[in-house]
file upload28.txt (compact mmCIF, C-alpha atoms)
# COMPACT_ATOMS: atom_id res chain seq x y z
CA MET A 1 11.39 5.78 -13.02
CA LYS A 2 11.13 2.85 -10.65
CA LYS A 3 13.82 1.31 -8.51
CA THR A 4 13.41 -2.24 -7.19
CA LEU A 5 14.29 -2.15 -3.51
CA PHE A 6 14.33 -5.87 -2.99
CA ALA A 7 12.68 -9.08 -4.10
CA LEU A 8 11.25 -11.23 -1.35
CA ALA A 9 12.91 -14.29 -2.77
CA SER A 10 13.60 -15.90 0.58
CA LEU A 11 9.95 -15.57 1.62
CA ALA A 12 8.82 -16.91 -1.74
CA ALA A 13 11.14 -19.88 -1.38
CA PHE A 14 9.86 -20.57 2.13
CA THR A 15 6.18 -20.36 1.20
CA GLY A 16 6.45 -21.84 -2.25
CA ALA A 17 4.81 -18.75 -3.68
CA ALA A 18 5.93 -16.82 -6.73
CA GLN A 19 8.50 -14.08 -6.26
CA ALA A 20 7.15 -10.80 -4.83
CA GLU A 21 8.55 -7.38 -5.62
CA LEU A 22 8.57 -4.05 -3.80
CA THR A 23 9.45 -0.82 -5.60
CA ILE A 24 9.79 2.83 -4.72
CA SER A 25 9.46 5.76 -7.10
CA GLY A 26 8.62 9.40 -6.91
CA ARG A 27 9.11 12.95 -8.05
CA ALA A 28 10.78 16.08 -6.75
CA SER A 29 9.44 19.16 -8.53
CA LEU A 30 10.14 22.69 -7.32
CA GLY A 31 10.43 26.18 -8.69
CA VAL A 32 10.14 29.94 -8.31
CA SER A 33 6.80 31.55 -9.09
CA THR A 34 4.78 34.73 -8.82
CA TYR A 35 1.07 34.77 -7.99
CA SER A 36 -1.52 37.53 -7.80
CA ALA A 37 -5.31 37.96 -7.94
CA THR A 38 -6.13 41.60 -8.59
CA GLY A 39 -8.97 43.56 -10.19
CA SER A 40 -11.61 42.51 -7.65
CA THR A 41 -15.05 44.06 -7.99
CA VAL A 42 -15.52 43.77 -4.19
CA THR A 43 -13.52 46.52 -2.45
CA PRO A 44 -10.21 45.89 -4.28
CA ALA A 45 -8.15 47.64 -1.61
CA THR A 46 -8.98 44.94 0.94
CA ASN A 47 -9.71 41.95 -1.30
CA ASP A 48 -7.02 42.04 -4.00
CA LEU A 49 -4.07 39.68 -3.56
CA ALA A 50 -1.04 41.69 -4.66
CA ALA A 51 1.77 39.97 -6.54
CA ARG A 52 4.17 37.99 -4.43
CA THR A 53 7.15 35.73 -5.22
CA ARG A 54 7.24 32.21 -3.79
CA ILE A 55 9.36 29.07 -3.78
CA ASP A 56 6.74 26.42 -4.32
CA ASP A 57 6.27 22.71 -4.86
CA TYR A 58 4.54 21.24 -7.94
CA SER A 59 3.01 18.02 -6.61
CA SER A 60 6.15 16.19 -5.51
CA ARG A 61 5.35 12.69 -4.31
CA LEU A 62 6.71 9.35 -3.05
CA ARG A 63 5.17 6.07 -4.20
CA ILE A 64 5.65 2.64 -2.65
CA ALA A 65 4.24 -0.28 -4.65
CA GLY A 66 4.19 -4.02 -4.16
CA GLN A 67 3.27 -6.74 -6.65
CA GLN A 68 3.19 -10.53 -6.65
CA ASP A 69 2.57 -13.00 -9.46
CA LEU A 70 -0.31 -15.33 -8.53
CA GLY A 71 0.08 -17.52 -11.61
CA GLY A 72 -2.26 -17.94 -14.52
CA GLY A 73 -1.68 -14.35 -15.59
CA ARG A 74 -3.06 -13.01 -12.30
CA ARG A 75 -1.30 -10.65 -9.90
CA ALA A 76 -1.93 -9.01 -6.54
CA PHE A 77 -0.69 -5.49 -5.91
CA ALA A 78 -0.78 -2.54 -3.53
CA VAL A 79 0.10 1.14 -3.89
CA TYR A 80 0.75 3.74 -1.20
CA GLU A 81 1.52 7.22 -2.51
CA PHE A 82 1.77 10.47 -0.58
CA GLY A 83 2.53 14.05 -1.48
CA LEU A 84 5.74 15.77 -0.42
CA SER A 85 6.12 19.50 0.18
CA PHE A 86 9.68 20.55 -0.55
CA ASP A 87 8.64 24.19 -0.15
CA THR A 88 7.13 24.21 3.35
CA GLY A 89 7.94 20.81 4.85
CA THR A 90 4.31 20.57 5.96
CA ALA A 91 1.00 19.45 4.46
CA ASN A 92 -0.01 23.08 3.85
CA GLY A 93 -0.06 24.96 0.57
CA GLN A 94 1.08 28.48 -0.27
CA ALA A 95 -1.90 30.09 1.51
CA GLY A 96 -1.08 28.23 4.73
CA THR A 97 -4.21 26.10 4.39
CA ALA A 98 -4.32 22.31 4.21
CA ASN A 99 -3.22 20.74 0.92
CA THR A 100 -5.14 17.46 0.67
CA ALA A 101 -2.62 16.10 -1.84
CA ALA A 102 0.26 16.33 0.65
CA GLY A 103 1.09 14.47 3.85
CA PHE A 104 2.30 11.01 4.81
CA ASN A 105 -1.18 9.52 5.33
CA GLY A 106 -1.66 8.14 1.81
CA SER A 107 -2.72 11.57 0.63
CA ARG A 108 -2.51 10.56 -3.02
CA GLU A 109 -3.31 7.21 -4.71
CA SER A 110 -3.42 4.42 -2.08
CA HIS A 111 -5.11 1.11 -2.85
CA VAL A 112 -4.88 -2.69 -2.90
CA GLY A 113 -6.01 -4.84 -5.81
CA ILE A 114 -6.00 -8.01 -7.85
CA GLY A 115 -6.14 -8.40 -11.61
CA ASN A 116 -4.63 -9.50 -14.89
CA ASP A 117 -3.82 -8.00 -18.28
CA LEU A 118 -7.55 -7.55 -18.98
CA LEU A 119 -9.12 -6.25 -15.77
CA GLU A 120 -8.19 -4.97 -12.29
CA LEU A 121 -10.25 -4.70 -9.11
CA ARG A 122 -8.98 -2.01 -6.72
CA VAL A 123 -10.08 -0.86 -3.27
CA GLY A 124 -8.97 2.32 -1.49
CA ARG A 125 -8.27 6.02 -2.11
CA GLN A 126 -8.06 6.51 -5.87
CA ASN A 127 -7.71 9.06 -8.66
CA VAL A 128 -11.03 9.54 -10.45
CA TYR A 129 -12.56 11.93 -12.98
CA TRP A 130 -9.53 14.04 -13.89
CA THR A 131 -6.92 11.56 -15.19
CA GLU A 132 -6.74 12.13 -18.97
CA GLY A 133 -3.36 11.00 -20.28
CA ASP A 134 -2.11 13.06 -23.21
CA LEU A 135 -5.51 14.73 -23.70
CA ASN A 136 -4.31 17.23 -21.08
CA GLN A 137 -0.56 16.70 -20.89
CA THR A 138 0.24 19.83 -18.92
CA GLY A 139 -0.13 20.95 -15.32
CA ALA A 140 1.93 19.52 -12.48
CA ASN A 141 3.20 16.58 -14.52
CA PHE A 142 4.78 18.73 -17.22
CA THR A 143 4.78 22.52 -16.71
CA GLY A 144 4.17 22.97 -12.98
CA LYS A 145 0.70 24.47 -13.43
CA ASP A 146 -1.98 25.12 -16.05
CA THR A 147 -5.42 26.76 -16.34
CA LEU A 148 -7.60 24.17 -18.06
CA THR A 149 -7.38 21.54 -15.30
CA ASP A 150 -8.73 23.94 -12.67
CA MET A 151 -11.44 25.11 -15.04
CA TYR A 152 -12.99 21.72 -15.83
CA ASN A 153 -12.61 20.59 -12.20
CA GLY A 154 -14.46 23.68 -10.99
CA GLY A 155 -11.58 25.50 -9.33
CA GLY A 156 -12.98 24.82 -5.86
CA GLY A 157 -16.26 26.52 -6.74
CA LEU A 158 -19.80 25.53 -5.79
CA ALA A 159 -20.02 23.06 -8.66
CA SER A 160 -16.60 21.44 -8.44
CA ALA A 161 -15.66 17.81 -9.06
CA THR A 162 -13.90 15.44 -6.66
CA VAL A 163 -10.77 14.26 -8.42
CA ARG A 164 -9.33 11.95 -5.75
CA GLN A 165 -11.92 9.99 -3.79
CA ASN A 166 -11.69 8.02 -0.52
CA ASN A 167 -13.19 4.55 0.07
CA ILE A 168 -13.60 3.61 -3.59
CA LEU A 169 -14.25 0.19 -5.13
CA LEU A 170 -13.05 0.43 -8.74
CA LEU A 171 -12.89 -1.82 -11.83
CA GLN A 172 -10.40 -0.80 -14.51
CA LEU A 173 -9.88 -2.20 -18.00
CA ASN A 174 -6.31 -2.81 -19.16
CA THR A 175 -7.16 -4.19 -22.59
CA SER A 176 -5.72 -2.51 -25.67
CA GLY A 177 -7.83 0.29 -27.07
CA PHE A 178 -9.87 0.80 -23.89
CA ALA A 179 -7.07 0.80 -21.31
CA GLY A 180 -7.83 3.21 -18.50
CA SER A 181 -11.60 2.82 -18.75
CA GLN A 182 -13.14 2.37 -15.32
CA VAL A 183 -16.29 2.23 -13.22
CA TYR A 184 -16.36 2.94 -9.47
CA TRP A 185 -18.52 3.34 -6.38
CA GLY A 186 -17.93 4.14 -2.72
CA PRO A 187 -19.52 5.56 0.45
CA GLU A 188 -18.78 9.23 1.07
CA THR A 189 -16.53 10.02 4.04
CA ASN A 190 -18.70 13.01 4.95
CA ALA A 191 -21.54 10.60 5.72
CA GLU A 192 -19.35 8.77 8.23
CA SER A 193 -18.78 11.91 10.28
CA ALA A 194 -22.39 13.12 10.30
CA PRO A 195 -23.96 12.27 13.69
CA ALA A 196 -26.30 9.30 13.42
CA GLY A 197 -29.99 10.04 13.69
CA THR A 198 -29.77 13.66 12.55
CA GLY A 199 -30.91 15.26 9.35
CA PRO A 200 -32.64 13.49 6.48
CA ALA A 201 -32.26 9.72 6.36
CA SER A 202 -30.44 9.92 3.03
CA ALA A 203 -27.62 11.90 4.65
CA THR A 204 -26.32 8.72 6.26
CA ASN A 205 -26.19 6.99 2.87
CA ALA A 206 -24.04 9.44 0.97
CA SER A 207 -22.12 7.91 -1.91
CA ALA A 208 -19.99 8.62 -4.95
CA MET A 209 -20.03 6.74 -8.24
CA GLY A 210 -18.84 7.28 -11.77
CA PHE A 211 -17.30 5.88 -14.91
CA LYS A 212 -14.72 6.74 -17.53
CA ILE A 213 -14.76 5.49 -21.11
CA ASN A 214 -11.29 5.81 -22.57
CA TYR A 215 -10.70 4.91 -26.22
CA ASP A 216 -7.14 5.23 -27.46
CA THR A 217 -5.85 3.41 -30.52
CA GLN A 218 -2.29 4.60 -29.74
CA GLY A 219 -2.46 6.00 -33.24
CA ALA A 220 -3.94 9.36 -34.19
CA ILE A 221 -7.17 9.31 -32.16
CA HIS A 222 -7.79 9.50 -28.40
CA LEU A 223 -11.39 9.86 -27.08
CA MET A 224 -12.71 10.06 -23.53
CA ALA A 225 -16.01 10.47 -21.65
CA ASP A 226 -15.97 11.00 -17.88
CA TYR A 227 -18.93 11.07 -15.44
CA GLN A 228 -19.25 11.42 -11.66
CA LYS A 229 -22.30 11.51 -9.38
CA ARG A 230 -22.15 12.30 -5.63
CA SER A 231 -25.37 11.94 -3.65
CA SER A 232 -26.60 13.18 -0.25
CA ILE A 233 -23.31 14.82 0.69
CA THR A 234 -23.18 16.75 3.96
CA ALA A 235 -21.92 20.31 3.68
CA ALA A 236 -19.09 19.86 6.18
CA ASP A 237 -17.39 17.02 8.03
CA GLY A 238 -18.43 16.56 11.65
CA THR A 239 -21.66 18.54 11.39
CA ALA A 240 -25.24 17.38 11.71
CA ALA A 241 -26.84 16.86 8.32
CA THR A 242 -29.91 19.01 7.70
CA ALA A 243 -32.06 19.69 4.69
CA THR A 244 -30.15 22.87 3.98
CA ASN A 245 -26.60 21.52 4.09
CA THR A 246 -26.91 18.29 2.11
CA PHE A 247 -26.35 18.34 -1.64
CA ASP A 248 -26.05 16.28 -4.81
CA SER A 249 -23.29 16.90 -7.34
CA THR A 250 -23.12 15.74 -10.97
CA VAL A 251 -20.15 16.43 -13.25
CA TRP A 252 -19.17 15.15 -16.68
CA LYS A 253 -16.78 16.01 -19.46
CA LEU A 254 -15.92 14.91 -23.00
CA ALA A 255 -12.54 15.13 -24.72
CA ALA A 256 -11.19 14.27 -28.16
CA GLY A 257 -7.56 14.40 -29.20
CA TYR A 258 -5.70 14.13 -32.51
CA ARG A 259 -2.00 13.27 -32.62
CA TYR A 260 -0.63 15.04 -35.67
CA GLY A 261 3.03 14.21 -35.10
CA ALA A 262 5.42 12.45 -32.76
CA GLY A 263 4.91 14.02 -29.32
CA SER A 264 2.37 16.53 -30.67
CA ILE A 265 -1.39 16.52 -29.99
CA VAL A 266 -4.35 18.87 -30.13
CA ALA A 267 -7.36 18.09 -27.89
CA LEU A 268 -10.84 19.61 -27.47
CA HIS A 269 -12.69 19.53 -24.11
CA TYR A 270 -16.29 20.14 -23.04
CA TRP A 271 -17.58 19.93 -19.45
CA ASN A 272 -20.69 20.35 -17.32
CA LEU A 273 -20.66 20.89 -13.53
CA LYS A 274 -23.78 20.86 -11.35
CA LYS A 275 -24.35 21.13 -7.59
CA GLU A 276 -27.86 21.09 -6.13
CA TRP A 277 -28.86 21.29 -2.47
CA THR A 278 -31.51 18.79 -1.43
CA ASP A 279 -33.75 21.45 0.11
CA SER A 280 -35.85 23.11 -2.62
CA ALA A 281 -36.08 26.38 -0.69
CA THR A 282 -32.29 26.66 -0.61
CA ASN A 283 -32.25 26.11 -4.38
CA SER A 284 -34.79 28.86 -4.99
CA ALA A 285 -33.99 31.68 -7.38
CA ALA A 286 -33.75 34.07 -4.41
CA ASN A 287 -30.56 32.32 -3.30
CA ILE A 288 -28.70 32.54 -6.60
CA THR A 289 -26.06 34.89 -5.14
CA ALA A 290 -25.74 33.01 -1.86
CA THR A 291 -23.35 30.14 -1.18
CA ALA A 292 -26.38 28.08 -0.14
CA GLY A 293 -27.82 28.07 -3.64
CA GLY A 294 -27.21 25.29 -6.14
CA ARG A 295 -25.57 26.13 -9.46
CA ALA A 296 -24.65 24.63 -12.82
CA GLN A 297 -21.91 25.62 -15.27
CA THR A 298 -20.68 24.46 -18.66
CA GLY A 299 -17.42 25.16 -20.44
CA TYR A 300 -15.12 24.21 -23.28
CA GLY A 301 -11.45 24.48 -24.10
CA ILE A 302 -8.52 23.45 -26.24
CA ASN A 303 -5.12 22.00 -25.33
CA LEU A 304 -2.14 21.90 -27.69
CA VAL A 305 1.24 20.21 -27.22
CA GLN A 306 3.85 20.82 -29.91
CA SER A 307 7.11 18.88 -30.12
CA PHE A 308 10.01 20.88 -31.53
CA GLY A 309 12.39 17.91 -31.46
CA ASN A 310 15.36 17.17 -29.23
CA GLU A 311 12.97 16.65 -26.25
CA PHE A 312 11.76 20.27 -26.31
CA TYR A 313 7.99 20.93 -26.10
CA GLY A 314 5.63 23.88 -26.20
CA TYR A 315 2.19 23.99 -24.52
CA LEU A 316 -0.85 26.17 -25.15
CA GLN A 317 -4.26 26.12 -23.45
CA TRP A 318 -7.44 28.17 -23.68
CA GLY A 319 -10.79 27.64 -22.00
CA SER A 320 -14.08 29.38 -21.26
CA SER A 321 -16.64 28.63 -18.53
CA GLY A 322 -20.08 30.19 -18.85
CA SER A 323 -22.03 32.01 -16.17
CA TYR A 324 -23.68 29.94 -13.43
CA THR A 325 -27.20 28.77 -14.16
CA HIS A 326 -29.44 28.04 -11.18
CA THR A 327 -30.28 24.35 -10.92
CA ALA A 328 -33.82 24.87 -9.60
CA GLY A 329 -35.11 28.34 -10.47
CA GLY A 330 -33.39 28.57 -13.85
CA THR A 331 -32.12 32.06 -13.01
CA ASP A 332 -28.57 32.90 -14.10
CA LEU A 333 -25.95 34.54 -11.94
CA THR A 334 -24.99 37.05 -14.59
CA ALA A 335 -21.36 37.80 -15.42
CA SER A 336 -20.07 34.84 -13.36
CA GLY A 337 -18.07 33.10 -16.09
CA THR A 338 -14.31 32.77 -16.58
CA THR A 339 -11.90 32.75 -19.51
CA GLY A 340 -8.46 31.27 -18.95
CA TYR A 341 -5.31 30.54 -20.88
CA SER A 342 -1.77 29.34 -20.23
CA ILE A 343 1.42 28.86 -22.22
CA GLY A 344 4.49 26.87 -21.33
CA VAL A 345 7.70 25.19 -22.45
CA ARG A 346 9.53 22.10 -21.24
CA LYS A 347 12.95 20.63 -21.96
CA ASN A 348 13.69 17.04 -20.98
CA LEU A 349 17.36 16.80 -20.07
CA ASP A 350 17.19 13.01 -19.86
CA LYS A 351 14.59 10.35 -19.03
CA SER A 352 14.27 11.54 -15.44
CA THR A 353 15.08 15.26 -15.39
CA ALA A 354 13.38 18.29 -16.93
CA ILE A 355 13.24 22.07 -16.68
CA PHE A 356 10.08 24.03 -17.48
CA SER A 357 8.32 27.37 -17.38
CA SER A 358 4.69 28.45 -17.72
CA TYR A 359 2.40 31.47 -17.45
CA GLY A 360 -1.35 31.47 -16.92
CA VAL A 361 -4.29 33.70 -16.07
CA LEU A 362 -7.96 33.17 -15.13
CA GLN A 363 -9.99 36.20 -16.24
CA ASN A 364 -13.12 36.25 -14.07
CA ASP A 365 -16.22 38.19 -15.00
CA THR A 366 -17.70 40.61 -12.45
CA ASN A 367 -19.23 37.82 -10.33
CA GLY A 368 -16.78 35.06 -11.28
CA GLN A 369 -14.50 33.64 -8.58
CA LEU A 370 -12.47 30.81 -10.15
CA ASN A 371 -8.99 30.29 -8.72
CA PHE A 372 -5.93 28.07 -9.11
CA THR A 373 -6.59 25.32 -6.57
CA GLY A 374 -4.70 22.09 -7.28
CA GLY A 375 -1.77 21.24 -5.04
CA GLY A 376 -2.28 24.20 -2.68
CA PHE A 377 -0.90 26.49 -5.40
CA ASN A 378 -2.77 29.75 -4.73
CA SER A 379 -1.70 32.28 -2.11
CA GLY A 380 -5.24 33.11 -0.98
CA THR A 381 -8.94 33.13 -1.85
CA ALA A 382 -9.65 35.04 -5.05
CA ALA A 383 -12.39 37.67 -4.62
CA ALA A 384 -15.20 38.06 -7.13
CA GLY A 385 -14.05 39.66 -10.37
CA SER A 386 -10.33 39.27 -9.70
CA ASP A 387 -7.94 37.67 -12.18
CA PRO A 388 -5.59 35.07 -10.63
CA THR A 389 -2.27 35.11 -12.54
CA TYR A 390 0.95 33.14 -12.21
CA PHE A 391 4.38 32.79 -13.78
CA LEU A 392 6.84 30.06 -12.84
CA ILE A 393 10.21 28.52 -13.66
CA GLY A 394 10.90 25.07 -12.27
CA MET A 395 12.80 21.81 -12.41
CA MET A 396 11.70 18.21 -11.98
CA TYR A 397 13.51 14.99 -11.11
CA ASN A 398 11.68 11.66 -11.40
CA PHE A 399 13.22 8.71 -9.57
call {"tool": "encode", "arguments": {"input": "upload28.txt", "output": "structure tokens"}}
result
Amino acid sequence: MKKTLFALASLAAFTGAAQAELTISGRASLGVSTYSATGSTVTPATNDLAARTRIDDYSSRLRIAGQQDLGGGRRAFAVYEFGLSFDTGTANGQAGTANTAAGFNGSRESHVGIGNDLLELRVGRQNVYWTEGDLNQTGANFTGKDTLTDMYNGGGGLASATVRQNNILLLQLNTSGFAGSQVYWGPETNAESAPAGTGPASATNASAMGFKINYDTQGAIHLMADYQKRSSITAADGTAATATNTFDSTVWKLAAGYRYGAGSIVALHYWNLKKEWTDSATNSAANITATAGGRAQTGYGINLVQSFGNEFYGYLQWGSSGSYTHTAGGTDLTASGTTGYSIGVRKNLDKSTAIFSSYGVLQNDTNGQLNFTGGGFNSGTAAAGSDPTYFLIGMMYNF
């Protein structure tokens, strides 16, 4: 929901410009959950994360937006959105580590733009790669958490995608049928913090680019293709770039959904994640078990939303990621895949309020290490072979 704070009518009258509008909206979403990651193949007694009960936040946020009519169907606009943490009151997640989606510094979508009903040009920090609409209508927006989102984003692994990118110049289509399609480019922030004159020359020209093709007839069919390429990325902010800590990352996914009833949809997903270090020696087959080695991974999954009427919905997800394949040597890291599933229910009490519950598990193979990562949800780093598991009951108020 959006509430108009005030219209700058007096300013518009003084300047002769069209009326401007400022709005505020947001979400408060909180619940009780359990989390564990047990069954580790690496000294379970010291690496397992035993079950614990938490009060946690599910991506609460505050959004301030301004818009002004420029005439001729054109408009100027700006968005500043930041994550709120009702659980800790800080920008940290459940593990006490930084949650990049929380904090008052525009931690979520924050951009300025100009456009019309056909096309928008935006500049700033923006959501890319993972926004899917009802093709994946679960997770923080509906059931607090899910498994499939972390699986096709890489779960923080060596071949993970960047789902919210700084310094992006983005074109987005608004036209019917292809609304939500976009193309973007921007310099990588890691390149800004790498000391000038160190490492390979390409390290100072790191960049991110990508595109999304979204086809939705608003009838039965919804199709999407998503691609992202990051080049010459330094391994860590504030460090000198060298041949062994600069990498390229390529990720893409395909999704197809079929709406078989009002509020009900089934969607299929396929993804490919790849991360390759620019130094060929680091990418050698000998480094397949080391964090320095590049890796690639593919996966597929299914997402089902079933409406039972009276604003009551059921959710079911299942996904499987294969073992890592080495990007240079072609050697596999055996038994490093993951199978995950989640189930959930949601009841909308009115247009702004809902209660929900969900359960999910990531079943890692012996060398698999996928974890629940979005929104600072996990309570620690999952060891190889462990199975992160959660159960939650929550409530949400949109304002």
call {"tool": "atom_distance", "arguments": {"input": "upload28.txt", "atom1": "CA of Tyr397 (chain A)", "atom2": "CA of Gly380 (chain A)"}}
result
28.0 Å
call {"tool": "closest_residue", "arguments": {"input": "upload28.txt", "among": "A:Val112, A:Val32, A:Leu119, A:Ala91", "to": "Gln67 (chain A)", "atoms": "all atoms listed in the file"}}
result
A:Val112
call {"tool": "residues_around", "arguments": {"input": "upload28.txt", "residues": "region 206-214 of chain A", "least_positions_apart": "2", "cutoff": "7 Å", "atoms": "only C-alpha atoms", "output": "list of chain:residue names"}}
result
A:Phe178, A:Ala179, A:Gly180, A:Ser181, A:Gln182, A:Val183, A:Tyr184, A:Trp185, A:Gly186, A:Pro187, A:Glu188, A:Ala191, A:Ser202, A:Ala203, A:Thr204, A:Asp216, A:Leu223, A:Met224, A:Ala225, A:Asp226, A:Tyr227, A:Gln228, A:Lys229, A:Arg230, A:Ser231, A:Ser232, A:Ile233
call {"tool": "closest_residue", "arguments": {"input": "upload28.txt", "among": "A:Ser323, A:Asn367, A:Asn105, A:Ser357", "to": "Gly144 (chain A)", "atoms": "all atoms listed in the file"}}
result
A:Ser357
call {"tool": "atom_distance", "arguments": {"input": "upload28.txt", "atom1": "CA of Gly294 (chain A)", "atom2": "CA of Gly385 (chain A)"}}
result
19.9 Å
call {"tool": "residues_around", "arguments": {"input": "upload28.txt", "residues": "Ile55 (chain A)", "least_positions_apart": "2", "cutoff": "7 Å", "atoms": "all atoms listed in the file", "output": "PyMOL selection string"}}
result
chain A and resi 31-33+87
call {"tool": "atom_distance", "arguments": {"input": "upload28.txt", "atom1": "CA of Arg295 (chain A)", "atom2": "CA of Ala256 (chain A)"}}
result
26.4 Å
call {"tool": "residues_around", "arguments": {"input": "upload28.txt", "residues": "Asp150 (chain A)", "least_positions_apart": "6", "cutoff": "8 Å", "atoms": "only C-alpha atoms", "output": "count of residues only"}}
result
4
call {"tool": "closest_residue", "arguments": {"input": "upload28.txt", "among": "A:Ala28, A:Met151, A:Val345, A:Ala382", "to": "His269 (chain A)", "atoms": "all atoms listed in the file"}}
result
A:Met151
call {"tool": "residues_around", "arguments": {"input": "upload28.txt", "residues": "His222 (chain A)", "least_positions_apart": "3", "cutoff": "9 Å", "atoms": "all atoms listed in the file", "output": "PDB file with C-alpha atoms, keeping the file's coordinate frame"}}
result
ATOM      1  CA  ASP A 134      -2.110  13.060 -23.210  1.00  0.00           C
ATOM      2  CA  LEU A 135      -5.510  14.730 -23.700  1.00  0.00           C
ATOM      3  CA  ASN A 214     -11.290   5.810 -22.570  1.00  0.00           C
ATOM      4  CA  TYR A 215     -10.700   4.910 -26.220  1.00  0.00           C
ATOM      5  CA  ASP A 216      -7.140   5.230 -27.460  1.00  0.00           C
ATOM      6  CA  THR A 217      -5.850   3.410 -30.520  1.00  0.00           C
ATOM      7  CA  GLN A 218      -2.290   4.600 -29.740  1.00  0.00           C
ATOM      8  CA  GLY A 219      -2.460   6.000 -33.240  1.00  0.00           C
ATOM      9  CA  ALA A 255     -12.540  15.130 -24.720  1.00  0.00           C
ATOM     10  CA  ALA A 256     -11.190  14.270 -28.160  1.00  0.00           C
ATOM     11  CA  GLY A 257      -7.560  14.400 -29.200  1.00  0.00           C
ATOM     12  CA  TYR A 258      -5.700  14.130 -32.510  1.00  0.00           C
ATOM     13  CA  ARG A 259      -2.000  13.270 -32.620  1.00  0.00           C
ATOM     14  CA  ALA A 267      -7.360  18.090 -27.890  1.00  0.00           C
TER      15      ALA A 267
END
call {"tool": "residues_near_point", "arguments": {"input": "upload28.txt", "point": "(7.6, 31.2, -6.6)", "cutoff": "12 Å", "atoms": "all atoms listed in the file", "output": "VMD selection string"}}
result
chain A and resid 30 to 36 51 to 58 87 94 144 to 145 357 to 358 377 to 379 390 to 394
call {"tool": "residues_around", "arguments": {"input": "upload28.txt", "residues": "Gly113 (chain A)", "least_positions_apart": "5", "cutoff": "6 Å", "atoms": "only C-alpha atoms", "output": "PyMOL selection string"}}
result
chain A and resi 76-77+121-122
call {"tool": "closest_residue", "arguments": {"input": "upload28.txt", "among": "A:Thr298, A:Ser59, A:Asn174, A:Ser386", "to": "Val361 (chain A)", "atoms": "only C-alpha atoms"}}
result
A:Ser386
call {"tool": "residues_near_point", "arguments": {"input": "upload28.txt", "point": "(-29.8, 16.3, -0.3)", "cutoff": "6 Å", "atoms": "all atoms listed in the file", "output": "list in words"}}
result
Ser232, Thr246, Phe247, Asp248, Trp277 and Thr278 of chain A
call {"tool": "closest_residue", "arguments": {"input": "upload28.txt", "among": "A:Val79, A:Ala45, A:Ala20, A:Ala50", "to": "Gln126 (chain A)", "atoms": "all atoms listed in the file"}}
result
A:Val79
